Each structure stands twice: as structure tokens, then as C-alpha cells.
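Data file: final.cif. Format and content: mmCIF, C-alpha atoms.
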```
data_input
loop_
_atom_site.group_PDB
_atom_site.id
_atom_site.type_symbol
_atom_site.label_atom_id
_atom_site.label_comp_id
_atom_site.auth_asym_id
_atom_site.auth_seq_id
_atom_site.Cartn_x
_atom_site.Cartn_y
_atom_site.Cartn_z
ATOM 1 C CA GLY A 107 -2.853 15.766 48.431
ATOM 2 C CA GLN A 108 -5.688 13.616 47.191
ATOM 3 C CA LEU A 109 -7.279 16.280 44.946
ATOM 4 C CA GLY A 110 -3.936 17.152 43.300
ATOM 5 C CA ALA A 111 -3.219 13.502 42.504
ATOM 6 C CA THR A 112 -6.712 13.090 41.001
ATOM 7 C CA VAL A 113 -6.262 16.155 38.778
ATOM 8 C CA VAL A 114 -2.839 14.999 37.606
ATOM 9 C CA LEU A 115 -4.209 11.527 36.837
ATOM 10 C CA ALA A 116 -7.158 13.014 34.920
ATOM 11 C CA VAL A 117 -4.864 15.273 32.882
ATOM 12 C CA LEU A 118 -2.545 12.348 32.059
ATOM 13 C CA ALA A 119 -5.497 10.162 31.030
ATOM 14 C CA LEU A 120 -6.840 12.948 28.778
ATOM 15 C CA LEU A 121 -3.417 13.521 27.244
ATOM 16 C CA PHE A 122 -2.928 9.789 26.621
ATOM 17 C CA GLY A 123 -6.393 9.576 25.048
ATOM 18 C CA LEU A 124 -5.755 12.519 22.730
ATOM 19 C CA LEU A 125 -2.353 11.211 21.670
ATOM 20 C CA SER A 126 -3.549 7.657 21.012
ATOM 21 C CA TRP A 127 -6.724 8.605 19.100
ATOM 22 C CA PRO A 128 -4.990 8.937 15.679
ATOM 23 C CA LEU A 129 -3.471 5.467 16.107
ATOM 24 C CA VAL A 130 -6.828 3.954 17.031
ATOM 25 C CA ARG A 131 -8.537 5.724 14.116
ATOM 26 C CA MET A 132 -5.935 4.505 11.585
ATOM 27 C CA ALA A 133 -5.546 0.938 12.914
ATOM 28 C CA PRO A 134 -8.214 -0.754 10.727
ATOM 29 C CA ARG A 135 -6.740 0.486 7.445
ATOM 30 C CA TYR A 136 -3.378 -1.112 8.263
ATOM 31 C CA SER A 137 -4.829 -4.462 9.307
ATOM 32 C CA THR A 138 -7.156 -5.071 6.362
ATOM 33 C CA ARG A 139 -6.857 -7.703 3.661
ATOM 34 C CA GLN A 140 -5.145 -6.327 0.576
ATOM 35 C CA GLU A 141 -5.541 -7.606 -2.946
ATOM 36 C CA VAL A 142 -3.993 -7.094 -6.367
ATOM 37 C CA ALA A 143 -5.935 -8.723 -9.187
ATOM 38 C CA ALA A 144 -5.270 -8.708 -12.928
ATOM 39 C CA ASP A 145 -7.659 -9.840 -15.630
ATOM 40 C CA GLY A 146 -8.356 -9.154 -19.296
ATOM 41 C CA THR A 147 -9.635 -5.631 -18.615
ATOM 42 C CA GLY A 148 -7.034 -4.272 -16.187
ATOM 43 C CA VAL A 149 -5.556 -4.242 -12.690
ATOM 44 C CA THR A 150 -7.587 -3.909 -9.505
ATOM 45 C CA LEU A 151 -5.970 -2.719 -6.281
ATOM 46 C CA ALA A 152 -8.251 -3.320 -3.305
ATOM 47 C CA GLN A 153 -8.153 -2.790 0.427
ATOM 48 C CA GLU A 154 -11.154 -4.328 2.186
ATOM 49 C CA PRO A 155 -13.433 -2.318 4.492
ATOM 50 C CA LYS A 156 -12.912 -2.967 8.192
ATOM 51 C CA ARG A 157 -14.703 -1.434 11.166
ATOM 52 C CA TRP A 158 -14.840 2.323 10.520
ATOM 53 C CA PHE A 159 -12.451 2.229 7.542
ATOM 54 C CA PRO A 160 -14.626 2.178 4.379
ATOM 55 C CA GLY A 161 -12.016 0.408 2.231
ATOM 56 C CA ARG A 162 -10.461 1.555 -1.040
ATOM 57 C CA THR A 163 -10.540 0.070 -4.524
ATOM 58 C CA THR A 164 -8.824 1.409 -7.628
ATOM 59 C CA ARG A 165 -9.315 -0.029 -11.092
ATOM 60 C CA ILE A 166 -6.616 0.632 -13.706
ATOM 61 C CA PRO A 167 -7.555 -0.300 -17.287
ATOM 62 C CA TRP A 168 -4.797 -1.796 -19.424
ATOM 63 C CA SER A 169 -5.043 1.199 -21.781
ATOM 64 C CA GLN A 170 -3.631 3.337 -18.914
ATOM 65 C CA VAL A 171 -0.632 1.054 -18.299
ATOM 66 C CA ARG A 172 2.577 1.776 -20.190
ATOM 67 C CA ARG A 173 4.922 -0.743 -18.530
ATOM 68 C CA ILE A 174 5.204 -3.031 -15.484
ATOM 69 C CA SER A 175 8.456 -3.890 -13.722
ATOM 70 C CA GLN A 176 9.783 -5.407 -10.513
ATOM 71 C CA ASP A 177 12.131 -3.600 -8.177
ATOM 72 C CA ARG A 178 14.013 -4.416 -5.012
ATOM 73 C CA LEU A 179 15.555 -1.888 -2.634
ATOM 74 C CA VAL A 180 18.367 -3.084 -0.369
ATOM 75 C CA THR A 181 19.456 -0.854 2.499
ATOM 76 C CA SER A 182 22.086 -1.465 5.137
ATOM 77 C CA GLY A 183 21.965 -0.031 8.616
ATOM 78 C CA ASP A 184 22.624 -0.740 12.271
ATOM 79 C CA ASN A 185 20.080 -3.579 12.233
ATOM 80 C CA GLY A 186 21.657 -5.298 9.240
ATOM 81 C CA ARG A 187 20.405 -5.495 5.699
ATOM 82 C CA THR A 188 16.792 -4.668 4.813
ATOM 83 C CA VAL A 189 15.224 -5.683 1.506
ATOM 84 C CA ARG A 190 12.003 -4.044 0.307
ATOM 85 C CA TYR A 191 10.129 -5.379 -2.701
ATOM 86 C CA PHE A 192 8.081 -3.343 -5.182
ATOM 87 C CA VAL A 193 6.110 -3.861 -8.360
ATOM 88 C CA ASP A 194 6.019 -0.670 -10.437
ATOM 89 C CA ILE A 195 3.179 0.104 -12.816
ATOM 90 C CA GLU A 196 4.101 2.967 -15.123
ATOM 91 C CA LEU A 197 1.004 4.862 -16.227
ATOM 92 C CA ARG A 198 0.163 6.928 -19.279
ATOM 93 C CA GLU A 199 -1.661 9.470 -17.083
ATOM 94 C CA PRO A 200 -1.335 9.959 -13.300
ATOM 95 C CA LEU A 201 -4.049 8.553 -11.050
ATOM 96 C CA PRO A 202 -5.655 10.642 -8.329
ATOM 97 C CA GLY A 203 -3.914 9.657 -5.079
ATOM 98 C CA GLU A 204 -6.851 9.912 -2.706
ATOM 99 C CA GLY A 205 -8.631 6.685 -3.717
ATOM 100 C CA LEU A 206 -5.555 4.469 -3.712
ATOM 101 C CA PRO A 207 -5.049 1.805 -1.039
ATOM 102 C CA THR A 208 -2.626 2.867 1.690
ATOM 103 C CA TRP A 209 0.027 0.354 0.606
ATOM 104 C CA VAL A 210 0.265 1.849 -2.917
ATOM 105 C CA LEU A 211 2.798 4.646 -3.416
ATOM 106 C CA PRO A 212 1.977 7.084 -6.252
ATOM 107 C CA SER A 213 5.123 8.658 -7.735
ATOM 108 C CA ASP A 214 5.968 10.495 -10.976
ATOM 109 C CA GLY A 215 3.504 8.872 -13.372
ATOM 110 C CA LYS A 216 3.741 5.446 -11.799
ATOM 111 C CA ILE A 217 2.477 3.588 -8.785
ATOM 112 C CA ARG A 218 4.586 1.342 -6.572
ATOM 113 C CA ILE A 219 3.021 -1.679 -4.955
ATOM 114 C CA ARG A 220 5.063 -2.609 -1.904
ATOM 115 C CA SER A 221 4.901 -6.131 -0.549
ATOM 116 C CA GLY A 222 6.820 -8.889 1.160
ATOM 117 C CA LYS A 223 8.992 -11.306 -0.804
ATOM 118 C CA SER A 224 6.395 -14.070 -1.298
ATOM 119 C CA LYS A 225 3.588 -11.665 -2.261
ATOM 120 C CA HIS A 226 5.986 -9.804 -4.555
ATOM 121 C CA GLU A 227 6.476 -12.891 -6.703
ATOM 122 C CA GLU A 228 2.751 -13.667 -6.648
ATOM 123 C CA ILE A 229 1.803 -10.144 -7.799
ATOM 124 C CA ALA A 230 4.460 -10.106 -10.521
ATOM 125 C CA ARG A 231 3.347 -13.537 -11.769
ATOM 126 C CA ALA A 232 -0.326 -12.456 -11.950
ATOM 127 C CA LEU A 233 0.529 -9.305 -13.906
ATOM 128 C CA ARG A 234 2.929 -11.186 -16.191
ATOM 129 C CA THR A 235 0.279 -13.826 -16.887
ATOM 130 C CA ALA A 236 -2.405 -11.246 -17.695
ATOM 131 C CA ARG A 237 -0.234 -8.983 -19.870
ATOM 132 C CA PRO A 238 3.225 -10.371 -20.673
ATOM 133 C CA ASP A 239 3.707 -7.669 -23.338
ATOM 134 C CA LEU A 240 3.707 -4.928 -20.652
ATOM 135 C CA PHE A 241 6.000 -6.691 -18.204
ATOM 136 C CA THR A 242 9.705 -5.966 -18.171
ATOM 137 C CA ALA A 243 12.111 -7.674 -15.781
ATOM 138 C CA ASP A 244 14.584 -5.115 -14.432
#
```
For this file, write the structure as C-alpha cells.
Amino acid sequence: GQLGATVVLAVLALLFGLLSWPLVRMAPRYSTRQEVAADGTGVTLAQEPKRWFPGRTTRIPWSQVRRISQDRLVTSGDNGRTVRYFVDIELREPLPGEGLPTWVLPSDGKIRIRSGKSKHEEIARALRTARPDLFTAD
């Protein structure tokens, strides 16, 4: 009766708590302000600290960058067409993946910066302005 219902409720609450903990722990890193900055010395990829997430910042000097390009991936599915935008920075040497912001995808000697359409153009423009000699339009 009453005791059985209490035990079942306690077990369900514990199970829900254990299953939701990873989502709660990761939430701040996916809701932080993200920044890509380019200046005369290189590219900075930053993800601000928030709550218990310490933040991540990676600095890439221009001497490490071989080429920069824009990319767009179009996929079709049941929900219609999806367009994903990327800015690729091809590197001379691979970067360690653990210090990179969560929205940066390291892959085969390059990093992919994924963004929405408006931010994509803004990032590409900043990189093109800082180093037009490295930028190639694909």
C-alpha cells in the first residue's frame, strides 16, 4: 500500500536525478557566449566561463594557419532541408582537442567553426579582414 508507493516514488526520483545530472552538469557550456576574434597576431576562439563551467580559450597564431575557407553543408530529410555553416581553418600542426571550445570541431589537421548563417558571414569577414592572403572562398 502506502509504503510500496513511497518506495516506488523514491526509486523513480533517484533514477530521474541520476539520469538528468549529466544534462545539468553540461548545460552552462552550451549556453555561454562564444567568440571568434582575429587580429594581427592570430585567431582567438573563446567560450566564456559560466556557473561551474570554467570556460575555454584557444589562441592560434597566424604562423600555424595554412588556409581558411568557408563551407556549407546542405542535407535533406523528413523535416525538409537543413543548412549548416562552417568556417574551416587548416593548420600546419594539429591542436590538442581538450582546450577547444565545445562548438569547434577538430578534424584531420583543421578545425571547423560551426555557426548560424549570420554569424558565419561575420566570422568569415573578420578572418578575411585580418588575413586576406590566407582566405580562400570555396
Test item: the PyMOL selection byres ((chain A and resi 201) around 8) resolved as a compact mmCIF listing (two decimals) with C-alpha atoms, keeping the file's coordinate frame:
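Contents of expr.txt, as written:
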```txt
# COMPACT_ATOMS: atom_id res chain seq x y z
CA GLU A 199 -1.66 9.47 -17.08
CA PRO A 200 -1.34 9.96 -13.30
CA PRO A 202 -5.66 10.64 -8.33
CA GLY A 203 -3.91 9.66 -5.08
CA PRO A 212 1.98 7.08 -6.25
CA GLY A 215 3.50 8.87 -13.37
```
(message) Residues within 9 Å of Ala230 in chain A, please, as a list in words. Count all atoms listed in the file; anything in the same chain fewer than 3 positions from it doesn't count.
(response)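 The residues satisfying every condition are Ile174, Ser175, Gln176, Val193, Lys225, His226, Glu227, Leu233, Arg234, Thr235 and Phe241 of chain A.
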(request) Would you mind reading off the distance between CA of Glu196 in chain A and CA of Ala152 in chain A, one decimal, in Å? (result)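 Here the two named atoms are 18.2 Å from each other.
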(request) Find the distance between CA of Val189 in chain A and CA of Asp177 in chain A and write it in Å to one decimal. (result)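 Taking CA of Val189 in chain A as the start and CA of Asp177 in chain A as the end point, the length is 10.4 Å.
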(request) Please indicate the distance in Å from CA of Leu240 in chain A to CA of Leu151 in chain A, rounded to one decimal place. (result)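 Rounded to one decimal, the two atoms are 17.5 Å apart.
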